[in-house]
$ cat structure_0.pdb   # PDB, N, CA, C and O atoms
ATOM      1  N   MET A 167     120.772  45.103 152.937
ATOM      2  CA  MET A 167     120.391  44.153 151.911
ATOM      3  C   MET A 167     121.224  44.444 150.676
ATOM      4  O   MET A 167     121.282  45.577 150.229
ATOM      5  N   ASP A 168     121.843  43.414 150.145
ATOM      6  CA  ASP A 168     122.695  43.600 148.980
ATOM      7  C   ASP A 168     121.906  43.751 147.684
ATOM      8  O   ASP A 168     122.165  44.645 146.896
ATOM      9  N   ILE A 169     120.947  42.849 147.471
ATOM     10  CA  ILE A 169     120.146  42.895 146.236
ATOM     11  C   ILE A 169     118.682  42.664 146.622
ATOM     12  O   ILE A 169     118.360  41.678 147.281
ATOM     13  N   VAL A 170     117.823  43.587 146.195
ATOM     14  CA  VAL A 170     116.389  43.433 146.433
ATOM     15  C   VAL A 170     115.683  43.619 145.103
ATOM     16  O   VAL A 170     115.879  44.617 144.423
ATOM     17  N   THR A 171     114.907  42.613 144.726
ATOM     18  CA  THR A 171     114.095  42.694 143.513
ATOM     19  C   THR A 171     112.635  42.589 143.953
ATOM     20  O   THR A 171     112.361  42.309 145.127
ATOM     21  N   PRO A 172     111.707  42.782 143.051
ATOM     22  CA  PRO A 172     110.300  42.628 143.438
ATOM     23  C   PRO A 172     109.959  41.220 143.942
ATOM     24  O   PRO A 172     108.988  41.040 144.668
ATOM     25  N   THR A 173     110.788  40.230 143.577
ATOM     26  CA  THR A 173     110.461  38.849 143.950
ATOM     27  C   THR A 173     111.455  38.184 144.887
ATOM     28  O   THR A 173     111.188  37.088 145.367
ATOM     29  N   ARG A 174     112.618  38.817 145.174
ATOM     30  CA  ARG A 174     113.646  38.173 145.999
ATOM     31  C   ARG A 174     114.448  39.172 146.820
ATOM     32  O   ARG A 174     114.580  40.327 146.435
ATOM     33  N   ALA A 175     115.012  38.661 147.911
ATOM     34  CA  ALA A 175     115.989  39.412 148.700
ATOM     35  C   ALA A 175     117.242  38.543 148.761
ATOM     36  O   ALA A 175     117.161  37.354 149.089
ATOM     37  N   ILE A 176     118.403  39.132 148.440
ATOM     38  CA  ILE A 176     119.638  38.350 148.345
ATOM     39  C   ILE A 176     120.750  39.052 149.106
ATOM     40  O   ILE A 176     120.955  40.256 148.952
ATOM     41  N   GLU A 177     121.455  38.283 149.907
ATOM     42  CA  GLU A 177     122.653  38.751 150.597
ATOM     43  C   GLU A 177     123.849  38.045 149.978
ATOM     44  O   GLU A 177     123.887  36.814 149.932
ATOM     45  N   VAL A 178     124.816  38.795 149.485
ATOM     46  CA  VAL A 178     126.047  38.230 148.933
ATOM     47  C   VAL A 178     127.054  38.161 150.074
ATOM     48  O   VAL A 178     127.347  39.178 150.704
ATOM     49  N   GLU A 179     127.563  36.966 150.338
ATOM     50  CA  GLU A 179     128.412  36.762 151.507
ATOM     51  C   GLU A 179     129.668  35.947 151.194
ATOM     52  O   GLU A 179     129.652  35.075 150.335
ATOM     53  N   THR A 180     130.713  36.260 151.939
ATOM     54  CA  THR A 180     131.943  35.465 151.905
ATOM     55  C   THR A 180     131.842  34.390 152.972
ATOM     56  O   THR A 180     130.906  34.397 153.787
ATOM     57  N   VAL A 181     132.819  33.518 153.025
ATOM     58  CA  VAL A 181     132.810  32.453 154.029
ATOM     59  C   VAL A 181     132.804  33.046 155.447
ATOM     60  O   VAL A 181     132.223  32.475 156.363
ATOM     61  N   ASN A 182     133.400  34.221 155.625
ATOM     62  CA  ASN A 182     133.462  34.841 156.951
ATOM     63  C   ASN A 182     132.205  35.611 157.330
ATOM     64  O   ASN A 182     132.035  35.950 158.510
ATOM     65  N   THR A 183     131.335  35.911 156.376
ATOM     66  CA  THR A 183     130.159  36.739 156.674
ATOM     67  C   THR A 183     128.823  36.027 156.482
ATOM     68  O   THR A 183     127.776  36.664 156.619
ATOM     69  N   VAL A 184     128.855  34.743 156.215
ATOM     70  CA  VAL A 184     127.618  33.993 155.960
ATOM     71  C   VAL A 184     126.640  34.117 157.128
ATOM     72  O   VAL A 184     125.456  34.371 156.929
ATOM     73  N   LYS A 185     127.116  33.948 158.339
ATOM     74  CA  LYS A 185     126.220  33.988 159.505
ATOM     75  C   LYS A 185     125.522  35.331 159.633
ATOM     76  O   LYS A 185     124.340  35.393 159.966
ATOM     77  N   SER A 186     126.216  36.416 159.371
ATOM     78  CA  SER A 186     125.579  37.732 159.473
ATOM     79  C   SER A 186     124.536  37.911 158.374
ATOM     80  O   SER A 186     123.540  38.609 158.568
ATOM     81  N   GLY A 187     124.749  37.278 157.232
ATOM     82  CA  GLY A 187     123.770  37.345 156.153
ATOM     83  C   GLY A 187     122.448  36.725 156.538
ATOM     84  O   GLY A 187     121.383  37.222 156.169
ATOM     85  N   VAL A 188     122.499  35.647 157.300
ATOM     86  CA  VAL A 188     121.270  34.985 157.758
ATOM     87  C   VAL A 188     120.466  35.942 158.628
ATOM     88  O   VAL A 188     119.259  36.109 158.445
ATOM     89  N   SER A 189     121.115  36.615 159.558
ATOM     90  CA  SER A 189     120.385  37.536 160.433
ATOM     91  C   SER A 189     119.854  38.730 159.655
ATOM     92  O   SER A 189     118.793  39.265 159.975
ATOM     93  N   GLN A 190     120.554  39.163 158.625
ATOM     94  CA  GLN A 190     120.085  40.292 157.815
ATOM     95  C   GLN A 190     118.835  39.932 157.011
ATOM     96  O   GLN A 190     118.058  40.815 156.659
ATOM     97  N   LEU A 191     118.647  38.667 156.722
ATOM     98  CA  LEU A 191     117.484  38.240 155.941
ATOM     99  C   LEU A 191     116.262  37.945 156.801
ATOM    100  O   LEU A 191     115.165  37.774 156.277
ATOM    101  N   GLN A 192     116.435  37.880 158.107
ATOM    102  CA  GLN A 192     115.296  37.610 158.985
ATOM    103  C   GLN A 192     114.286  38.736 158.875
ATOM    104  O   GLN A 192     114.645  39.905 158.798
ATOM    105  N   GLY A 193     113.030  38.376 158.817
ATOM    106  CA  GLY A 193     111.965  39.359 158.732
ATOM    107  C   GLY A 193     111.491  39.650 157.323
ATOM    108  O   GLY A 193     110.454  40.289 157.146
ATOM    109  N   HIS A 194     112.224  39.216 156.323
ATOM    110  CA  HIS A 194     111.776  39.418 154.950
ATOM    111  C   HIS A 194     110.723  38.384 154.607
ATOM    112  O   HIS A 194     110.873  37.211 154.929
ATOM    113  N   LYS A 195     109.677  38.826 153.957
ATOM    114  CA  LYS A 195     108.581  37.916 153.606
ATOM    115  C   LYS A 195     108.796  37.225 152.261
ATOM    116  O   LYS A 195     108.348  36.125 152.049
ATOM    117  N   LYS A 196     109.482  37.900 151.356
ATOM    118  CA  LYS A 196     109.698  37.328 150.018
ATOM    119  C   LYS A 196     110.799  36.274 150.067
ATOM    120  O   LYS A 196     111.559  36.215 151.036
ATOM    121  N   PRO A 197     110.908  35.418 149.054
ATOM    122  CA  PRO A 197     111.978  34.422 149.022
ATOM    123  C   PRO A 197     113.341  35.101 149.231
ATOM    124  O   PRO A 197     113.642  36.114 148.622
ATOM    125  N   SER A 198     114.127  34.533 150.143
ATOM    126  CA  SER A 198     115.404  35.124 150.533
ATOM    127  C   SER A 198     116.532  34.123 150.337
ATOM    128  O   SER A 198     116.368  32.927 150.594
ATOM    129  N   TYR A 199     117.676  34.655 149.891
ATOM    130  CA  TYR A 199     118.808  33.804 149.551
ATOM    131  C   TYR A 199     120.123  34.372 150.064
ATOM    132  O   TYR A 199     120.300  35.588 150.103
ATOM    133  N   ILE A 200     121.035  33.470 150.408
ATOM    134  CA  ILE A 200     122.436  33.805 150.624
ATOM    135  C   ILE A 200     123.150  33.403 149.341
ATOM    136  O   ILE A 200     123.022  32.258 148.892
ATOM    137  N   ALA A 201     123.876  34.324 148.740
ATOM    138  CA  ALA A 201     124.675  34.020 147.552
ATOM    139  C   ALA A 201     126.133  33.979 147.982
ATOM    140  O   ALA A 201     126.685  34.990 148.432
ATOM    141  N   GLY A 202     126.742  32.812 147.907
ATOM    142  CA  GLY A 202     128.138  32.655 148.300
ATOM    143  C   GLY A 202     129.082  33.147 147.219
ATOM    144  O   GLY A 202     128.830  32.939 146.034
ATOM    145  N   THR A 203     130.158  33.806 147.631
ATOM    146  CA  THR A 203     131.123  34.337 146.668
ATOM    147  C   THR A 203     132.040  33.269 146.099
ATOM    148  O   THR A 203     132.675  33.491 145.071
ATOM    149  N   ASN A 204     132.122  32.123 146.778
ATOM    150  CA  ASN A 204     132.923  31.000 146.286
ATOM    151  C   ASN A 204     132.327  29.707 146.845
ATOM    152  O   ASN A 204     131.355  29.748 147.603
ATOM    153  N   GLN A 205     132.895  28.578 146.478
ATOM    154  CA  GLN A 205     132.331  27.293 146.893
ATOM    155  C   GLN A 205     132.371  27.105 148.406
ATOM    156  O   GLN A 205     131.453  26.539 148.987
ATOM    157  N   GLN A 206     133.414  27.601 149.062
ATOM    158  CA  GLN A 206     133.485  27.496 150.531
ATOM    159  C   GLN A 206     132.327  28.248 151.177
ATOM    160  O   GLN A 206     131.724  27.764 152.133
ATOM    161  N   ALA A 207     132.014  29.430 150.668
ATOM    162  CA  ALA A 207     130.908  30.220 151.212
ATOM    163  C   ALA A 207     129.574  29.528 150.957
ATOM    164  O   ALA A 207     128.693  29.532 151.821
ATOM    165  N   VAL A 208     129.421  28.929 149.795
ATOM    166  CA  VAL A 208     128.194  28.192 149.481
ATOM    167  C   VAL A 208     128.045  27.009 150.434
ATOM    168  O   VAL A 208     126.965  26.779 150.993
ATOM    169  N   ASP A 209     129.116  26.260 150.645
ATOM    170  CA  ASP A 209     129.068  25.108 151.553
ATOM    171  C   ASP A 209     128.694  25.540 152.969
ATOM    172  O   ASP A 209     127.862  24.910 153.626
ATOM    173  N   LYS A 210     129.287  26.628 153.440
ATOM    174  CA  LYS A 210     128.972  27.123 154.777
ATOM    175  C   LYS A 210     127.532  27.612 154.843
ATOM    176  O   LYS A 210     126.826  27.369 155.821
ATOM    177  N   ALA A 211     127.070  28.292 153.793
ATOM    178  CA  ALA A 211     125.692  28.777 153.761
ATOM    179  C   ALA A 211     124.700  27.616 153.804
ATOM    180  O   ALA A 211     123.665  27.703 154.469
ATOM    181  N   LEU A 212     125.017  26.522 153.128
ATOM    182  CA  LEU A 212     124.143  25.346 153.167
ATOM    183  C   LEU A 212     124.035  24.800 154.584
ATOM    184  O   LEU A 212     122.950  24.410 155.026
ATOM    185  N   LYS A 213     125.132  24.793 155.314
ATOM    186  CA  LYS A 213     125.119  24.314 156.706
ATOM    187  C   LYS A 213     124.335  25.264 157.605
ATOM    188  O   LYS A 213     123.507  24.841 158.408
ATOM    189  N   VAL A 214     124.598  26.555 157.471
ATOM    190  CA  VAL A 214     123.991  27.545 158.358
ATOM    191  C   VAL A 214     122.492  27.700 158.102
ATOM    192  O   VAL A 214     121.733  27.985 159.021
ATOM    193  N   THR A 215     122.056  27.504 156.867
ATOM    194  CA  THR A 215     120.633  27.679 156.539
ATOM    195  C   THR A 215     119.829  26.391 156.648
ATOM    196  O   THR A 215     118.618  26.410 156.404
ATOM    197  N   GLN A 216     120.470  25.312 157.021
ATOM    198  CA  GLN A 216     119.772  24.030 157.169
ATOM    199  C   GLN A 216     118.636  24.200 158.185
ATOM    200  O   GLN A 216     118.834  24.732 159.275
ATOM    201  N   GLY A 217     117.442  23.789 157.817
ATOM    202  CA  GLY A 217     116.293  23.896 158.701
ATOM    203  C   GLY A 217     115.662  25.285 158.720
ATOM    204  O   GLY A 217     114.795  25.548 159.546
ATOM    205  N   THR A 218     116.094  26.172 157.832
ATOM    206  CA  THR A 218     115.505  27.512 157.746
ATOM    207  C   THR A 218     114.769  27.665 156.422
ATOM    208  O   THR A 218     114.848  26.801 155.547
ATOM    209  N   THR A 219     114.113  28.804 156.261
ATOM    210  CA  THR A 219     113.399  29.097 155.011
ATOM    211  C   THR A 219     114.273  29.850 154.023
ATOM    212  O   THR A 219     113.810  30.234 152.953
ATOM    213  N   ILE A 220     115.532  30.070 154.369
ATOM    214  CA  ILE A 220     116.463  30.817 153.522
ATOM    215  C   ILE A 220     117.119  29.867 152.523
ATOM    216  O   ILE A 220     117.576  28.792 152.889
ATOM    217  N   GLY A 221     117.179  30.308 151.268
ATOM    218  CA  GLY A 221     117.804  29.527 150.214
ATOM    219  C   GLY A 221     119.259  29.919 150.023
ATOM    220  O   GLY A 221     119.751  30.869 150.632
ATOM    221  N   VAL A 222     119.942  29.186 149.140
ATOM    222  CA  VAL A 222     121.362  29.424 148.864
ATOM    223  C   VAL A 222     121.583  29.439 147.357
ATOM    224  O   VAL A 222     121.035  28.607 146.637
ATOM    225  N   MET A 223     122.387  30.418 146.915
ATOM    226  CA  MET A 223     122.795  30.526 145.515
ATOM    227  C   MET A 223     124.312  30.446 145.437
ATOM    228  O   MET A 223     125.002  30.784 146.388
ATOM    229  N   ASP A 224     124.813  30.045 144.265
ATOM    230  CA  ASP A 224     126.257  30.100 144.055
ATOM    231  C   ASP A 224     126.627  31.471 143.500
ATOM    232  O   ASP A 224     125.772  32.345 143.340
ATOM    233  N   ASN A 225     127.902  31.672 143.191
ATOM    234  CA  ASN A 225     128.358  32.984 142.733
ATOM    235  C   ASN A 225     127.906  33.320 141.312
ATOM    236  O   ASN A 225     128.128  34.433 140.844
ATOM    237  N   GLN A 226     127.248  32.399 140.638
ATOM    238  CA  GLN A 226     126.701  32.648 139.312
ATOM    239  C   GLN A 226     125.185  32.888 139.350
ATOM    240  O   GLN A 226     124.564  33.079 138.311
ATOM    241  N   GLY A 227     124.607  32.844 140.538
ATOM    242  CA  GLY A 227     123.168  33.056 140.688
ATOM    243  C   GLY A 227     122.337  31.796 140.543
ATOM    244  O   GLY A 227     121.119  31.871 140.531
ATOM    245  N   ASN A 228     122.986  30.637 140.443
ATOM    246  CA  ASN A 228     122.264  29.376 140.361
ATOM    247  C   ASN A 228     121.748  29.008 141.747
ATOM    248  O   ASN A 228     122.487  29.074 142.730
ATOM    249  N   ILE A 229     120.491  28.620 141.830
ATOM    250  CA  ILE A 229     119.905  28.242 143.118
ATOM    251  C   ILE A 229     120.351  26.831 143.463
ATOM    252  O   ILE A 229     120.094  25.881 142.738
ATOM    253  N   ILE A 230     121.029  26.723 144.607
ATOM    254  CA  ILE A 230     121.505  25.444 145.112
ATOM    255  C   ILE A 230     120.486  24.859 146.080
ATOM    256  O   ILE A 230     120.230  23.657 146.099
ATOM    257  N   LYS A 231     119.898  25.730 146.908
ATOM    258  CA  LYS A 231     118.840  25.360 147.854
ATOM    259  C   LYS A 231     117.751  26.405 147.689
ATOM    260  O   LYS A 231     117.994  27.593 147.827
ATOM    261  N   SER A 232     116.537  25.969 147.407
ATOM    262  CA  SER A 232     115.426  26.906 147.211
ATOM    263  C   SER A 232     114.959  27.480 148.535
ATOM    264  O   SER A 232     114.935  26.792 149.547
ATOM    265  N   SER A 233     114.546  28.738 148.501
ATOM    266  CA  SER A 233     113.907  29.362 149.653
ATOM    267  C   SER A 233     112.478  28.873 149.708
ATOM    268  O   SER A 233     111.795  28.784 148.684
ATOM    269  N   SER A 234     112.007  28.566 150.893
ATOM    270  CA  SER A 234     110.618  28.098 151.028
ATOM    271  C   SER A 234     109.670  29.240 151.347
ATOM    272  O   SER A 234     108.486  29.014 151.557
ATOM    273  N   ARG A 235     110.165  30.470 151.369
ATOM    274  CA  ARG A 235     109.294  31.628 151.581
ATOM    275  C   ARG A 235     108.538  31.922 150.295
ATOM    276  O   ARG A 235     109.069  31.793 149.212
ATOM    277  N   ARG A 236     107.306  32.334 150.446
ATOM    278  CA  ARG A 236     106.493  32.639 149.256
ATOM    279  C   ARG A 236     106.020  34.043 149.293
ATOM    280  O   ARG A 236     105.495  34.703 149.891
TER     281      ARG A 236
END
$ encode --input "structure_0.pdb" --output "structure tokens"
Amino acid sequence: MDIVTPTRAIEVETVNTVKSGVSQLQGHKKPSYIAGTNQQAVDKALKVTQGTTIGVMDNQGNIIKSSSRR
């Protein structure tokens, strides 16, 4: 896990590692996010997390897709 706070779990991923980030977040109960290092990584993360409870952030920490985990 790259970043763990009391309220979130975040994996920082490049375009080549987005898929592995999804598997690393499985099993976490708190809101979980993939943070893309660039726009390509964010776009790929949006595709890979479609239909999941995992959210997506950009490289500035802005939430692009909210996590539905509570």
$ closest_residue --input "structure_0.pdb" --among "A:Gly202, A:Leu191, A:Lys196, A:Ser186" --to "Arg174 in chain A" --atoms "all atoms listed in the file"
A:Lys196
$ residues_around --input "structure_0.pdb" --residues "Ser232 in chain A" --least-positions-apart "5" --cutoff "8 Å" --atoms "all atoms listed in the file" --output "list in words"
Pro197, Ser198, Tyr199, Thr215, Thr218, Thr219, Ile220, Gly221, Val222 and Met223 of chain A
$ closest_residue --input "structure_0.pdb" --among "A:Gly193, A:Ile169, A:Gln206, A:Ile200" --to "Lys231 in chain A" --atoms "only N, CA, C and O atoms"
A:Ile200
$ residues_around --input "structure_0.pdb" --residues "Lys185 in chain A" --least-positions-apart "5" --cutoff "8 Å" --atoms "all atoms listed in the file" --output "PDB file with N, CA, C and O atoms, in the frame of the given file"
ATOM      1  N   GLU A 179     127.563  36.966 150.338  1.00  0.00           N
ATOM      2  CA  GLU A 179     128.412  36.762 151.507  1.00  0.00           C
ATOM      3  C   GLU A 179     129.668  35.947 151.194  1.00  0.00           C
ATOM      4  O   GLU A 179     129.652  35.075 150.335  1.00  0.00           O
ATOM      5  N   THR A 180     130.713  36.260 151.939  1.00  0.00           N
ATOM      6  CA  THR A 180     131.943  35.465 151.905  1.00  0.00           C
ATOM      7  C   THR A 180     131.842  34.390 152.972  1.00  0.00           C
ATOM      8  O   THR A 180     130.906  34.397 153.787  1.00  0.00           O
ATOM      9  N   GLN A 190     120.554  39.163 158.625  1.00  0.00           N
ATOM     10  CA  GLN A 190     120.085  40.292 157.815  1.00  0.00           C
ATOM     11  C   GLN A 190     118.835  39.932 157.011  1.00  0.00           C
ATOM     12  O   GLN A 190     118.058  40.815 156.659  1.00  0.00           O
ATOM     13  N   LEU A 191     118.647  38.667 156.722  1.00  0.00           N
ATOM     14  CA  LEU A 191     117.484  38.240 155.941  1.00  0.00           C
ATOM     15  C   LEU A 191     116.262  37.945 156.801  1.00  0.00           C
ATOM     16  O   LEU A 191     115.165  37.774 156.277  1.00  0.00           O
ATOM     17  N   LYS A 210     129.287  26.628 153.440  1.00  0.00           N
ATOM     18  CA  LYS A 210     128.972  27.123 154.777  1.00  0.00           C
ATOM     19  C   LYS A 210     127.532  27.612 154.843  1.00  0.00           C
ATOM     20  O   LYS A 210     126.826  27.369 155.821  1.00  0.00           O
ATOM     21  N   ALA A 211     127.070  28.292 153.793  1.00  0.00           N
ATOM     22  CA  ALA A 211     125.692  28.777 153.761  1.00  0.00           C
ATOM     23  C   ALA A 211     124.700  27.616 153.804  1.00  0.00           C
ATOM     24  O   ALA A 211     123.665  27.703 154.469  1.00  0.00           O
ATOM     25  N   VAL A 214     124.598  26.555 157.471  1.00  0.00           N
ATOM     26  CA  VAL A 214     123.991  27.545 158.358  1.00  0.00           C
ATOM     27  C   VAL A 214     122.492  27.700 158.102  1.00  0.00           C
ATOM     28  O   VAL A 214     121.733  27.985 159.021  1.00  0.00           O
TER      29      VAL A 214
END
$ resolve_selection --input "structure_0.pdb" --expression "the PyMOL selection byres ((chain A and resi 203) around 6)" --output "list in words"
Val178, Glu179, Thr180, Ala201, Gly202, Asn204, Gln205, Ala207, Val208, Asp224 and Asn225 of chain A
$ select_by_dssp --input "structure_0.pdb" --residues "range 180-223 of chain A" --states "alpha helix (DSSP H)" --output "PyMOL selection string"
chain A and resi 184-191+205-214
$ atom_distance --input "structure_0.pdb" --atom1 "CA of Ile229 in chain A" --atom2 "CA of Thr183 in chain A"
19.0 Å
$ atom_distance --input "structure_0.pdb" --atom1 "CA of Leu212 in chain A" --atom2 "CA of Ile230 in chain A"
8.5 Å
$ axis_aligned_box --input "structure_0.pdb" --around "range 206-220 of chain A" --padding-each-side "6 Å" --output "JSON"
{"center_x": 123.4, "center_y": 27.3, "center_z": 154.3, "size_x": 32.1, "size_y": 19.0, "size_z": 22.5}
$ atom_distance --input "structure_0.pdb" --atom1 "CA of Arg236 in chain A" --atom2 "CA of Ala175 in chain A"
11.7 Å
